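Shown here: query.csv, CSV, C-alpha atoms.
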```csv
chain,number,residue,atom,x,y,z
U,1,MET,CA,0.0,0.0,0.0
U,2,ALA,CA,1.3,3.4,-0.7
U,3,VAL,CA,2.4,5.3,2.3
U,4,MET,CA,0.7,8.6,2.4
U,5,LYS,CA,2.7,11.5,3.3
U,6,LYS,CA,0.9,14.4,4.7
U,7,LYS,CA,2.0,17.5,3.0
U,8,GLY,CA,1.1,20.6,4.8
U,9,LYS,CA,2.4,23.5,6.6
U,10,LYS,CA,3.5,22.0,9.8
U,11,GLU,CA,6.0,23.8,12.0
U,12,LEU,CA,9.0,21.9,13.3
U,13,PRO,CA,8.8,21.5,17.1
U,14,ALA,CA,11.5,23.5,19.0
U,15,ILE,CA,14.5,21.5,20.1
U,16,SER,CA,14.2,20.8,23.7
U,17,THR,CA,16.9,22.6,25.7
U,18,SER,CA,16.1,20.9,29.0
U,19,SER,CA,19.2,18.7,28.8
U,20,LEU,CA,21.6,21.6,28.1
U,21,PRO,CA,22.3,22.2,31.8
U,22,ASP,CA,23.3,18.6,32.2
U,23,VAL,CA,25.7,18.8,29.3
U,24,ILE,CA,27.3,21.9,30.7
U,25,TYR,CA,27.5,20.4,34.1
U,26,MET,CA,29.3,17.4,32.6
U,27,ILE,CA,31.9,19.8,31.0
U,28,LEU,CA,32.1,21.7,34.3
U,29,PHE,CA,32.9,18.6,36.3
U,30,PHE,CA,35.4,17.5,33.8
U,31,PHE,CA,37.3,20.8,34.2
U,32,MET,CA,37.0,20.7,38.0
U,33,VAL,CA,38.5,17.3,38.2
U,34,SER,CA,41.3,17.6,35.6
U,35,THR,CA,42.7,21.0,36.4
U,36,SER,CA,44.3,22.6,39.3
U,37,MET,CA,44.1,26.1,40.7
U,38,ARG,CA,46.5,28.7,39.5
U,39,ASP,CA,48.5,29.4,42.6
U,40,GLN,CA,50.7,32.3,41.7
U,41,GLU,CA,51.0,35.1,39.2
U,42,LEU,CA,53.9,34.8,36.9
U,43,LEU,CA,56.2,37.8,36.7
U,44,VAL,CA,58.6,36.2,34.3
U,45,ARG,CA,58.1,34.8,30.8
U,46,TYR,CA,59.5,31.4,30.0
U,47,LYS,CA,59.3,28.8,27.4
U,48,LEU,CA,60.3,25.5,28.9
U,49,PRO,CA,62.8,23.4,27.1
U,50,GLU,CA,61.7,20.1,25.6
U,51,ALA,CA,62.8,16.7,26.6
U,52,THR,CA,61.7,13.2,25.9
U,53,GLU,CA,62.6,11.4,29.1
U,54,VAL,CA,60.5,13.6,31.5
U,55,GLN,CA,58.7,12.3,34.5
U,56,LYS,CA,55.6,13.6,36.1
U,57,LEU,CA,56.0,15.6,39.3
U,58,GLU,CA,54.4,13.7,42.0
U,59,LYS,CA,52.7,15.2,45.1
U,60,LYS,CA,52.3,18.8,44.2
U,61,SER,CA,52.1,19.9,47.8
U,62,LEU,CA,55.8,19.0,48.3
U,63,VAL,CA,56.9,21.0,45.3
U,64,SER,CA,58.2,24.6,45.4
U,65,TYR,CA,58.9,26.5,42.3
U,66,ILE,CA,61.7,28.7,41.2
U,67,HIS,CA,61.0,30.6,38.0
U,68,ILE,CA,63.8,32.0,35.9
U,69,GLY,CA,63.3,34.1,32.8
U,70,GLN,CA,62.8,37.5,31.4
U,71,PRO,CA,60.4,39.8,33.2
U,72,SER,CA,57.0,39.7,31.7
U,73,LEU,CA,56.1,42.3,29.1
U,74,SER,CA,54.3,44.6,31.6
U,75,MET,CA,57.3,44.6,33.9
U,76,GLN,CA,59.9,45.1,31.3
U,77,ALA,CA,59.6,48.9,31.4
U,78,LYS,CA,60.6,48.8,35.0
U,79,PHE,CA,62.9,45.9,35.3
U,80,GLY,CA,64.5,45.5,31.9
U,81,THR,CA,65.0,42.3,30.0
U,82,ALA,CA,67.8,40.7,31.9
U,83,PRO,CA,66.7,37.3,33.3
U,84,ARG,CA,65.3,37.4,36.8
U,85,ILE,CA,64.5,34.9,39.5
U,86,GLN,CA,61.0,34.8,40.8
U,87,LEU,CA,60.3,33.3,44.2
U,88,ASN,CA,56.7,33.4,45.3
U,89,ASP,CA,55.3,36.6,44.0
U,90,SER,CA,58.3,38.9,43.6
U,91,TYR,CA,61.7,39.1,41.9
U,92,LYS,CA,64.4,37.9,44.1
U,93,THR,CA,68.1,37.4,43.9
U,94,THR,CA,70.1,34.3,44.6
U,95,GLN,CA,70.8,35.4,48.1
U,96,ASP,CA,67.1,35.1,49.0
U,97,ILE,CA,66.9,31.4,48.0
U,98,LEU,CA,68.2,30.3,51.4
U,99,ASP,CA,65.3,32.0,53.2
U,100,PHE,CA,62.8,30.9,50.6
U,101,VAL,CA,63.8,27.2,51.0
U,102,ALA,CA,63.7,27.6,54.8
U,103,ALA,CA,60.2,29.1,54.6
U,104,GLU,CA,58.9,26.5,52.2
U,105,ARG,CA,60.3,23.7,54.4
U,106,ASP,CA,58.6,25.1,57.5
U,107,GLN,CA,55.3,24.9,55.8
U,108,LEU,CA,55.6,21.1,55.3
U,109,ASN,CA,55.1,18.3,57.8
U,110,GLU,CA,58.1,17.1,59.5
U,111,ALA,CA,57.7,13.8,57.8
U,112,ASP,CA,57.5,15.3,54.4
U,113,ARG,CA,60.5,17.6,54.6
U,114,ALA,CA,63.0,15.2,53.3
U,115,ALA,CA,60.8,14.7,50.2
U,116,MET,CA,60.6,18.4,49.4
U,117,THR,CA,61.3,19.0,45.7
U,118,ILE,CA,62.4,22.2,44.1
U,119,CYS,CA,61.1,22.6,40.6
U,120,MET,CA,63.2,24.9,38.4
U,121,LYS,CA,61.3,26.5,35.6
U,122,ALA,CA,63.8,28.2,33.5
U,123,ASP,CA,63.5,29.7,30.1
U,124,VAL,CA,65.3,27.9,27.2
U,125,SER,CA,67.4,31.0,26.5
U,126,THR,CA,68.7,31.3,30.0
U,127,LYS,CA,72.4,31.0,30.4
U,128,MET,CA,73.7,28.3,32.7
U,129,GLY,CA,75.5,30.9,34.9
U,130,ILE,CA,72.3,31.9,36.6
U,131,VAL,CA,71.0,28.4,36.8
U,132,THR,CA,74.3,27.2,38.4
U,133,ASP,CA,74.1,30.0,40.9
U,134,VAL,CA,70.7,28.9,41.9
U,135,LYS,CA,71.8,25.3,42.1
U,136,GLN,CA,74.8,26.2,44.4
U,137,GLU,CA,72.4,28.2,46.6
U,138,LEU,CA,70.1,25.2,46.8
U,139,ARG,CA,73.0,23.0,47.8
U,140,ARG,CA,73.8,25.4,50.5
U,141,ALA,CA,70.2,25.4,51.6
U,142,ASN,CA,70.3,21.6,51.6
U,143,ALA,CA,67.4,21.3,49.2
U,144,LEU,CA,69.0,18.6,47.1
U,145,LYS,CA,66.0,17.1,45.4
U,146,ILE,CA,65.4,19.2,42.3
U,147,ASN,CA,63.6,18.9,39.0
U,148,TYR,CA,64.4,20.7,35.8
U,149,ALA,CA,61.0,21.5,34.4
U,150,ALA,CA,60.7,20.5,30.7
U,151,SER,CA,57.8,19.8,28.5
U,152,LYS,CA,57.3,16.4,26.9
U,153,SER,CA,58.3,16.1,23.3
U,154,LEU,CA,58.1,13.2,21.0
U,155,GLY,CA,61.8,13.1,20.1
U,156,TYR,CA,63.8,14.5,17.3
J,1,MET,CA,-13.3,22.5,44.5
J,2,ALA,CA,-9.9,24.1,44.3
J,3,ASP,CA,-8.2,21.2,46.1
J,4,LYS,CA,-6.5,19.8,43.1
J,5,ARG,CA,-4.5,22.8,42.3
J,6,LYS,CA,-1.2,22.1,40.6
J,7,VAL,CA,2.0,23.4,42.0
J,8,PRO,CA,3.7,25.3,39.2
J,9,GLU,CA,7.0,23.9,38.2
J,10,VAL,CA,10.1,25.9,39.0
J,11,ASN,CA,11.4,27.4,35.8
J,12,SER,CA,14.8,25.8,35.1
J,13,SER,CA,15.7,27.6,32.0
J,14,SER,CA,18.4,29.7,33.7
J,15,GLN,CA,20.1,26.6,35.1
J,16,ALA,CA,22.2,26.4,32.0
J,17,ASP,CA,23.3,30.0,32.5
J,18,ILE,CA,24.4,29.2,36.1
J,19,ALA,CA,26.3,26.2,34.9
J,20,PHE,CA,27.9,28.2,32.2
J,21,SER,CA,29.1,30.9,34.6
J,22,LEU,CA,30.6,28.2,36.9
J,23,LEU,CA,32.3,26.6,33.9
J,24,ILE,CA,33.8,29.9,32.8
J,25,PHE,CA,35.0,30.6,36.3
J,26,PHE,CA,36.8,27.2,36.4
J,27,LEU,CA,38.2,27.7,32.9
J,28,VAL,CA,39.8,31.0,33.9
J,29,ALA,CA,41.0,30.2,37.4
J,30,THR,CA,42.6,26.8,36.9
J,31,THR,CA,45.4,25.5,34.8
J,32,MET,CA,45.5,22.2,33.0
J,33,ASN,CA,49.2,21.5,32.5
J,34,THR,CA,50.8,18.9,34.7
J,35,ASP,CA,54.3,19.6,35.5
J,36,THR,CA,56.9,17.4,34.0
J,37,GLY,CA,60.6,17.5,34.2
J,38,LEU,CA,63.9,15.7,34.8
J,39,ALA,CA,64.5,14.8,38.4
J,40,ARG,CA,68.0,15.1,39.8
J,41,MET,CA,69.7,14.9,43.2
J,42,LEU,CA,72.3,17.6,43.9
J,43,PRO,CA,75.4,16.6,45.8
J,44,PRO,CA,75.4,18.0,49.4
J,45,MET,CA,77.5,21.0,50.0
J,46,PRO,CA,80.8,20.2,51.7
J,47,PRO,CA,81.3,21.9,55.1
J,48,GLU,CA,82.9,25.3,54.5
J,49,ASN,CA,85.8,24.9,57.0
J,50,GLN,CA,86.7,21.6,55.5
J,51,LYS,CA,89.4,21.8,52.9
J,52,GLN,CA,87.8,20.7,49.7
J,53,GLU,CA,89.5,17.8,48.2
J,54,ASP,CA,88.7,16.5,44.8
J,55,VAL,CA,87.2,13.1,45.1
J,56,LYS,CA,89.7,10.9,43.3
J,57,VAL,CA,88.1,8.9,40.6
J,58,LYS,CA,90.1,6.6,38.5
J,59,GLU,CA,90.4,7.9,35.0
J,60,ARG,CA,88.8,4.9,33.4
J,61,ASN,CA,85.7,5.4,35.7
J,62,LEU,CA,85.1,8.9,34.5
J,63,PHE,CA,83.1,10.1,31.5
J,64,LEU,CA,83.4,13.8,31.0
J,65,VAL,CA,80.8,15.7,29.1
J,66,LEU,CA,81.6,19.3,28.5
J,67,ILE,CA,79.2,21.7,26.9
J,68,SER,CA,80.7,24.8,25.5
J,69,GLY,CA,79.1,28.2,25.3
J,70,ASN,CA,77.7,27.6,21.8
J,71,GLY,CA,76.3,24.2,22.6
J,72,ALA,CA,79.1,22.0,21.2
J,73,ILE,CA,79.6,18.8,23.1
J,74,MET,CA,82.8,17.2,24.0
J,75,ALA,CA,82.6,13.8,25.6
J,76,GLY,CA,84.6,10.8,26.5
J,77,THR,CA,86.9,9.4,29.1
J,78,PRO,CA,89.7,11.8,30.1
J,79,THR,CA,92.2,10.2,27.8
J,80,ASP,CA,89.9,10.0,24.9
J,81,GLN,CA,87.9,13.2,24.4
J,82,GLN,CA,86.0,13.7,21.2
J,83,ILE,CA,83.7,16.4,19.9
J,84,ILE,CA,80.5,14.5,19.2
J,85,ASP,CA,77.0,15.2,18.1
J,86,LEU,CA,74.1,15.2,20.5
J,87,ARG,CA,72.6,12.1,19.0
J,88,GLN,CA,75.8,10.0,19.6
J,89,LEU,CA,75.8,10.9,23.2
J,90,THR,CA,73.2,8.3,24.3
J,91,ASP,CA,75.1,5.4,22.7
J,92,LYS,CA,78.4,6.7,24.1
J,93,ALA,CA,77.1,6.9,27.6
J,94,LYS,CA,75.5,3.5,27.3
J,95,GLU,CA,78.7,2.0,26.1
J,96,PHE,CA,80.5,3.7,29.0
J,97,VAL,CA,78.1,2.5,31.7
J,98,LEU,CA,77.6,-1.1,30.4
J,99,ASN,CA,81.2,-1.7,29.2
J,100,PRO,CA,80.0,-4.8,27.4
J,101,TYR,CA,83.4,-6.2,26.4
J,102,ASP,CA,85.1,-5.4,29.7
J,103,ASP,CA,87.4,-3.0,28.0
J,104,ALA,CA,90.3,-1.9,30.2
J,105,ASN,CA,89.7,1.8,29.3
J,106,LEU,CA,86.1,1.7,30.3
J,107,PRO,CA,84.8,1.6,33.9
J,108,GLU,CA,85.4,-1.3,36.3
J,109,LYS,CA,82.5,-3.3,37.6
J,110,LYS,CA,82.1,-4.4,41.2
J,111,ASP,CA,79.9,-7.4,42.0
J,112,GLU,CA,77.3,-6.4,44.5
J,113,GLU,CA,74.7,-8.4,46.2
J,114,ILE,CA,71.3,-7.0,45.8
J,115,VAL,CA,68.4,-8.3,47.9
J,116,MET,CA,65.5,-9.2,45.7
J,117,PRO,CA,61.9,-8.6,46.7
J,118,ASP,CA,61.4,-12.3,47.4
J,119,GLY,CA,64.4,-12.4,49.8
J,120,SER,CA,66.9,-14.1,47.5
J,121,LYS,CA,70.2,-12.5,46.6
J,122,TRP,CA,71.2,-11.3,43.1
J,123,VAL,CA,74.8,-10.6,42.3
J,124,TYR,CA,75.1,-7.9,39.6
J,125,PRO,CA,78.3,-6.3,38.4
J,126,VAL,CA,77.5,-2.7,39.2
J,127,SER,CA,79.4,-0.2,37.0
J,128,GLN,CA,81.6,2.2,38.9
J,129,GLY,CA,81.5,4.8,36.2
J,130,VAL,CA,80.6,8.3,36.9
J,131,ILE,CA,79.4,10.7,34.3
J,132,SER,CA,80.6,14.2,35.0
J,133,LEU,CA,78.7,17.1,33.3
J,134,GLN,CA,80.4,20.4,33.0
J,135,THR,CA,79.2,23.6,31.6
J,136,THR,CA,80.5,27.1,31.2
J,137,ARG,CA,78.5,30.1,32.5
J,138,ASP,CA,77.7,30.9,28.9
J,139,THR,CA,76.1,27.6,28.0
J,140,GLY,CA,72.4,27.8,27.1
J,141,TYR,CA,69.9,26.1,29.3
J,142,GLN,CA,68.4,24.4,26.2
J,143,SER,CA,71.6,22.5,25.3
J,144,TYR,CA,72.1,21.7,29.0
J,145,ILE,CA,68.6,20.1,29.2
J,146,GLN,CA,69.2,18.3,25.9
J,147,VAL,CA,72.3,16.7,27.2
J,148,GLN,CA,70.7,15.8,30.5
J,149,ASN,CA,67.9,14.3,28.5
J,150,GLU,CA,70.2,12.2,26.4
J,151,LEU,CA,72.0,10.9,29.5
J,152,THR,CA,68.7,10.1,31.2
J,153,ARG,CA,67.7,8.3,28.1
J,154,ALA,CA,70.9,6.2,28.2
J,155,PHE,CA,70.2,5.2,31.8
J,156,ASN,CA,66.5,4.5,31.1
J,157,GLU,CA,67.4,2.3,28.2
J,158,ILE,CA,69.9,0.3,30.2
J,159,ARG,CA,67.4,-0.1,33.0
J,160,ASP,CA,64.8,-1.2,30.5
J,161,GLU,CA,67.2,-3.8,29.1
J,162,VAL,CA,68.2,-5.2,32.5
J,163,SER,CA,64.7,-5.3,33.8
J,164,GLU,CA,63.6,-7.1,30.6
J,165,GLN,CA,66.3,-9.7,31.3
J,166,LYS,CA,65.6,-10.0,35.0
J,167,PHE,CA,61.9,-9.5,35.4
J,168,GLY,CA,60.6,-9.8,31.8
J,169,SER,CA,59.0,-6.4,31.6
J,170,LYS,CA,60.0,-2.8,31.1
J,171,PHE,CA,61.3,-0.7,34.0
J,172,ALA,CA,58.2,1.5,34.0
J,173,ASP,CA,55.9,-1.6,34.5
J,174,LEU,CA,57.8,-3.0,37.5
J,175,SER,CA,56.6,-2.9,41.0
J,176,GLU,CA,58.1,-0.5,43.5
J,177,GLU,CA,60.4,-3.2,45.1
J,178,GLN,CA,61.6,-4.4,41.7
J,179,ARG,CA,62.3,-0.9,40.6
J,180,SER,CA,64.5,-0.2,43.6
J,181,VAL,CA,66.4,-3.4,42.8
J,182,ILE,CA,67.1,-2.2,39.3
J,183,THR,CA,67.9,1.3,40.6
J,184,LYS,CA,70.5,-0.2,42.9
J,185,ALA,CA,72.0,-2.2,40.0
J,186,ILE,CA,72.2,0.8,37.7
J,187,PRO,CA,72.5,3.9,39.8
J,188,LEU,CA,72.0,7.2,38.1
J,189,LYS,CA,75.5,8.6,38.6
J,190,ILE,CA,75.6,12.0,37.0
J,191,SER,CA,77.8,14.5,38.8
J,192,GLU,CA,77.2,18.1,38.1
J,193,ALA,CA,80.3,20.0,38.9
J,194,GLU,CA,80.4,23.7,39.3
J,195,PRO,CA,81.1,25.5,36.1
J,196,ARG,CA,84.6,26.1,35.1
J,197,ASN,CA,85.7,29.7,34.9
J,198,ILE,CA,86.5,30.0,31.3
J,199,LYS,CA,87.3,33.4,29.9
J,200,LYS,CA,84.8,34.8,27.5
```

Final structure tokens representation of the file:
Amino acid sequence: MAVMKKKGKKELPAISTSSLPDVIYMILFFFMVSTSMRDQELLVRYKLPEATEVQKLEKKSLVSYIHIGQPSLSMQAKFGTAPRIQLNDSYKTTQDILDFVAAERDQLNEADRAAMTICMKADVSTKMGIVTDVKQELRRANALKINYAASKSLGY
Amino acid sequence: MADKRKVPEVNSSSQADIAFSLLIFFLVATTMNTDTGLARMLPPMPPENQKQEDVKVKERNLFLVLISGNGAIMAGTPTDQQIIDLRQLTDKAKEFVLNPYDDANLPEKKDEEIVMPDGSKWVYPVSQGVISLQTTRDTGYQSYIQVQNELTRAFNEIRDEVSEQKFGSKFADLSEEQRSVITKAIPLKISEAEPRNIKK
């Protein structure tokens, strides 16, 4: 039998948007789980070097960061373009590292202090001179566990 | 009569907007990148009043890697230094650490007993070689990290090979105890000396 199609001016029903909030909530939860809070404002610009053999940093609460790089664009008028060291929220010199490490260590549990890691985030164009000064200072501060931050690349 | 009055439904059309604003807040306030990097242990600082003596390492047990200011790499045992390409470094370092043919110019090995997770003992000839990495103050961080990466790769490959032989799986797939056994057998011996004062 022939199927009869009704031809007429019938308006399409509006697409129901009642599930839109659910979709958005799903995306929201994904972002809440997979991201972490930004903890400090960066005053230096850096592009991390690339490496293939990188490991993930475990236990973020035990990690303190040292940023090394050019001052960010808004700060360059004031501070120039020579590489700077950022500890917490301000520019510091190598002499301040000792105090910085002591302060960071005080924040940790006694049991965790030995596992404290210093993560050095330095720009690719930094010279080793400043990096070595920081390393020497860290040795003096007895913060021996360090990590050279590098982003994962897939090889040559 | 008016008993069966319906309670009007709460209008939920703005729920999407609320969810959107929460979403945007999290997008702005959080970061996604997980930090990765190369882990290293620095040597402890010698006490200042103590006279600093160079630790005597036999020449055959030393593998010098020098990185110059423009990123050129010179590597080899103290008697056999060569300027090499970055890509050769991994193989050179592997050959140095493994010393497969017991060459007299490459590091000695010392049999060490390592306690296995199941309590048995395993005797492995642990290489006594030390890789010493030296840079100038002018060396770029990029080339430093690349060299560190190649050296790490050399150690990772050796560890993979040994754990394949011993436990039948890659180093990354081993359990915590097995991993510490392999780490004892192939310790990551990279010494980072202070930079030499080379005139510009």

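The closest residue to J:Arg60, picked from J:Phe171, J:Phe96, J:Tyr141, J:Tyr101 and counting all atoms listed in the file, is J:Phe96.
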
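Distances to chain U were evaluated for J:Asp80, J:Asp173, J:Glu112, J:Asp35 using all atoms listed in the file, and the minimum falls at J:Asp35.
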
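Proximity ranking of J:Ser127, J:Asn99, J:Asn70, J:Asn105 relative to chain U places J:Asn70 first, based on only C-alpha atoms.
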
Cut-off 8 Å: closest chain J/chain U atom pairs per residue, using only C-alpha atoms, as a tab-separated table:
```
residue	atom	partner	partner_atom	distance
J:Ser12	CA	U:Ser18	CA	7.9
J:Ser13	CA	U:Ser18	CA	7.4
J:Gln15	CA	U:Pro21	CA	5.9
J:Ala16	CA	U:Pro21	CA	4.2
J:Asp17	CA	U:Pro21	CA	7.9
J:Ala19	CA	U:Tyr25	CA	6.0
J:Phe20	CA	U:Ile24	CA	6.5
J:Leu22	CA	U:Leu28	CA	7.2
J:Leu23	CA	U:Leu28	CA	4.9
J:Phe26	CA	U:Met32	CA	6.7
J:Leu27	CA	U:Phe31	CA	7.1
J:Ala29	CA	U:Arg38	CA	6.1
J:Thr30	CA	U:Met37	CA	4.1
J:Thr31	CA	U:Ser36	CA	5.5
J:Met32	CA	U:Thr35	CA	4.6
J:Asn33	CA	U:Thr35	CA	7.6
J:Thr34	CA	U:Lys56	CA	7.3
J:Asp35	CA	U:Leu57	CA	5.8
J:Thr36	CA	U:Lys56	CA	4.5
J:Gly37	CA	U:Ala149	CA	4.0
J:Leu38	CA	U:Tyr148	CA	5.1
J:Ala39	CA	U:Asn147	CA	4.2
J:Arg40	CA	U:Ile146	CA	5.5
J:Met41	CA	U:Lys145	CA	4.8
J:Leu42	CA	U:Leu144	CA	4.7
J:Pro43	CA	U:Leu144	CA	6.8
J:Pro44	CA	U:Arg139	CA	5.8
J:Met45	CA	U:Arg139	CA	5.4
J:Thr135	CA	U:Met128	CA	7.3
J:Thr136	CA	U:Met128	CA	7.1
J:Arg137	CA	U:Gly129	CA	3.9
J:Asp138	CA	U:Lys127	CA	5.5
J:Thr139	CA	U:Met128	CA	5.3
J:Gly140	CA	U:Lys127	CA	4.6
J:Tyr141	CA	U:Val124	CA	5.4
J:Gln142	CA	U:Val124	CA	4.8
J:Tyr144	CA	U:Met128	CA	7.7
J:Ile145	CA	U:Pro49	CA	7.0
J:Gln146	CA	U:Ala51	CA	6.6
J:Asn149	CA	U:Ala51	CA	5.9
J:Thr152	CA	U:Glu53	CA	6.6
J:Arg153	CA	U:Glu53	CA	6.1
J:Glu194	CA	U:Thr132	CA	7.1
J:Pro195	CA	U:Thr132	CA	7.4
```

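Comparing U:Val33, U:Ser74, U:Gly69, U:Tyr46 by their smallest distance to U:Lys92, the closest is U:Gly69 (using all atoms listed in the file).
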
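Atom CA of J:Val115 lies 27.5 Å from atom CA of J:Leu62.
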
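When atom CA of U:Asn109 is paired with atom CA of J:Glu176, their separation reads 23.8 Å.
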
Point-to-point distance from atom CA of J:Leu98 to atom CA of J:Ile158, Å rounded to tenths: 7.8 Å

So which residues touch U:Glu104 within 12 Å, counting all atoms listed in the file, skipping near sequence neighbours fewer than 2 positions away, as a compact mmCIF listing (two decimals) with C-alpha atoms, in the coordinates of the input?
```txt
# COMPACT_ATOMS: atom_id res chain seq x y z
CA SER U 61 52.10 19.90 47.80
CA LEU U 62 55.80 19.00 48.30
CA VAL U 63 56.90 21.00 45.30
CA SER U 64 58.20 24.60 45.40
CA TYR U 65 58.90 26.50 42.30
CA ILE U 66 61.70 28.70 41.20
CA LEU U 87 60.30 33.30 44.20
CA ASN U 88 56.70 33.40 45.30
CA ILE U 97 66.90 31.40 48.00
CA LEU U 98 68.20 30.30 51.40
CA ASP U 99 65.30 32.00 53.20
CA PHE U 100 62.80 30.90 50.60
CA VAL U 101 63.80 27.20 51.00
CA ALA U 102 63.70 27.60 54.80
CA ASP U 106 58.60 25.10 57.50
CA GLN U 107 55.30 24.90 55.80
CA LEU U 108 55.60 21.10 55.30
CA ASN U 109 55.10 18.30 57.80
CA GLU U 110 58.10 17.10 59.50
CA ASP U 112 57.50 15.30 54.40
CA ARG U 113 60.50 17.60 54.60
CA MET U 116 60.60 18.40 49.40
CA THR U 117 61.30 19.00 45.70
CA ILE U 118 62.40 22.20 44.10
CA ALA U 141 70.20 25.40 51.60
CA ALA U 143 67.40 21.30 49.20
```

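Take the candidates J:Gly76, J:Pro8, J:Gly129, J:Pro100 and check each one against J:Gln88 using all atoms listed in the file; the shortest distance goes to J:Gly76.
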
Name the residues in contact with J:Ala154 at a cut-off of 6 Å, using all atoms listed in the file, excluding same-chain residues fewer than 2 positions from it; report them as JSON, numbers by chain. {"J": [90, 94, 151, 152, 156, 157]}

Can you put N, CA and C atoms back into stretch 121-139 of chain J and show it as a compact mmCIF listing (two decimals), in the coordinates of the input?
```
# COMPACT_ATOMS: atom_id res chain seq x y z
N LYS J 121 69.13 -13.43 46.89
CA LYS J 121 70.20 -12.50 46.60
C LYS J 121 70.49 -12.54 45.08
N TRP J 122 70.85 -11.40 44.55
CA TRP J 122 71.20 -11.30 43.10
C TRP J 122 72.49 -10.60 43.01
N VAL J 123 73.46 -11.23 42.40
CA VAL J 123 74.80 -10.60 42.30
C VAL J 123 74.83 -9.96 40.88
N TYR J 124 75.05 -8.64 40.88
CA TYR J 124 75.10 -7.90 39.60
C TYR J 124 76.38 -7.09 39.57
N PRO J 125 77.09 -7.14 38.46
CA PRO J 125 78.30 -6.30 38.40
C PRO J 125 77.91 -4.83 38.18
N VAL J 126 77.94 -4.08 39.27
CA VAL J 126 77.50 -2.70 39.20
C VAL J 126 78.68 -1.84 38.66
N SER J 127 78.38 -1.06 37.66
CA SER J 127 79.40 -0.20 37.00
C SER J 127 79.82 0.88 37.99
N GLN J 128 81.11 1.13 38.03
CA GLN J 128 81.60 2.20 38.90
C GLN J 128 81.77 3.50 38.20
N GLY J 129 81.30 3.56 36.99
CA GLY J 129 81.50 4.80 36.20
C GLY J 129 80.67 5.95 36.69
N VAL J 130 81.25 7.10 36.56
CA VAL J 130 80.60 8.30 36.90
C VAL J 130 80.57 9.25 35.69
N ILE J 131 79.42 9.79 35.37
CA ILE J 131 79.40 10.70 34.30
C ILE J 131 79.43 12.13 34.86
N SER J 132 80.41 12.88 34.42
CA SER J 132 80.60 14.20 35.00
C SER J 132 80.20 15.24 33.91
N LEU J 133 79.28 16.09 34.28
CA LEU J 133 78.70 17.10 33.30
C LEU J 133 79.25 18.43 33.69
N GLN J 134 79.90 19.06 32.75
CA GLN J 134 80.40 20.40 33.00
C GLN J 134 79.97 21.38 31.99
N THR J 135 79.63 22.56 32.47
CA THR J 135 79.20 23.60 31.60
C THR J 135 79.99 24.86 31.83
N THR J 136 79.94 25.77 30.90
CA THR J 136 80.50 27.10 31.20
C THR J 136 79.30 27.97 31.61
N ARG J 137 79.60 29.18 32.05
CA ARG J 137 78.50 30.10 32.50
C ARG J 137 77.71 30.54 31.25
N ASP J 138 78.31 30.40 30.07
CA ASP J 138 77.70 30.90 28.90
C ASP J 138 76.74 29.85 28.21
N THR J 139 76.87 28.61 28.63
CA THR J 139 76.10 27.60 28.00
C THR J 139 74.60 27.83 28.13
```
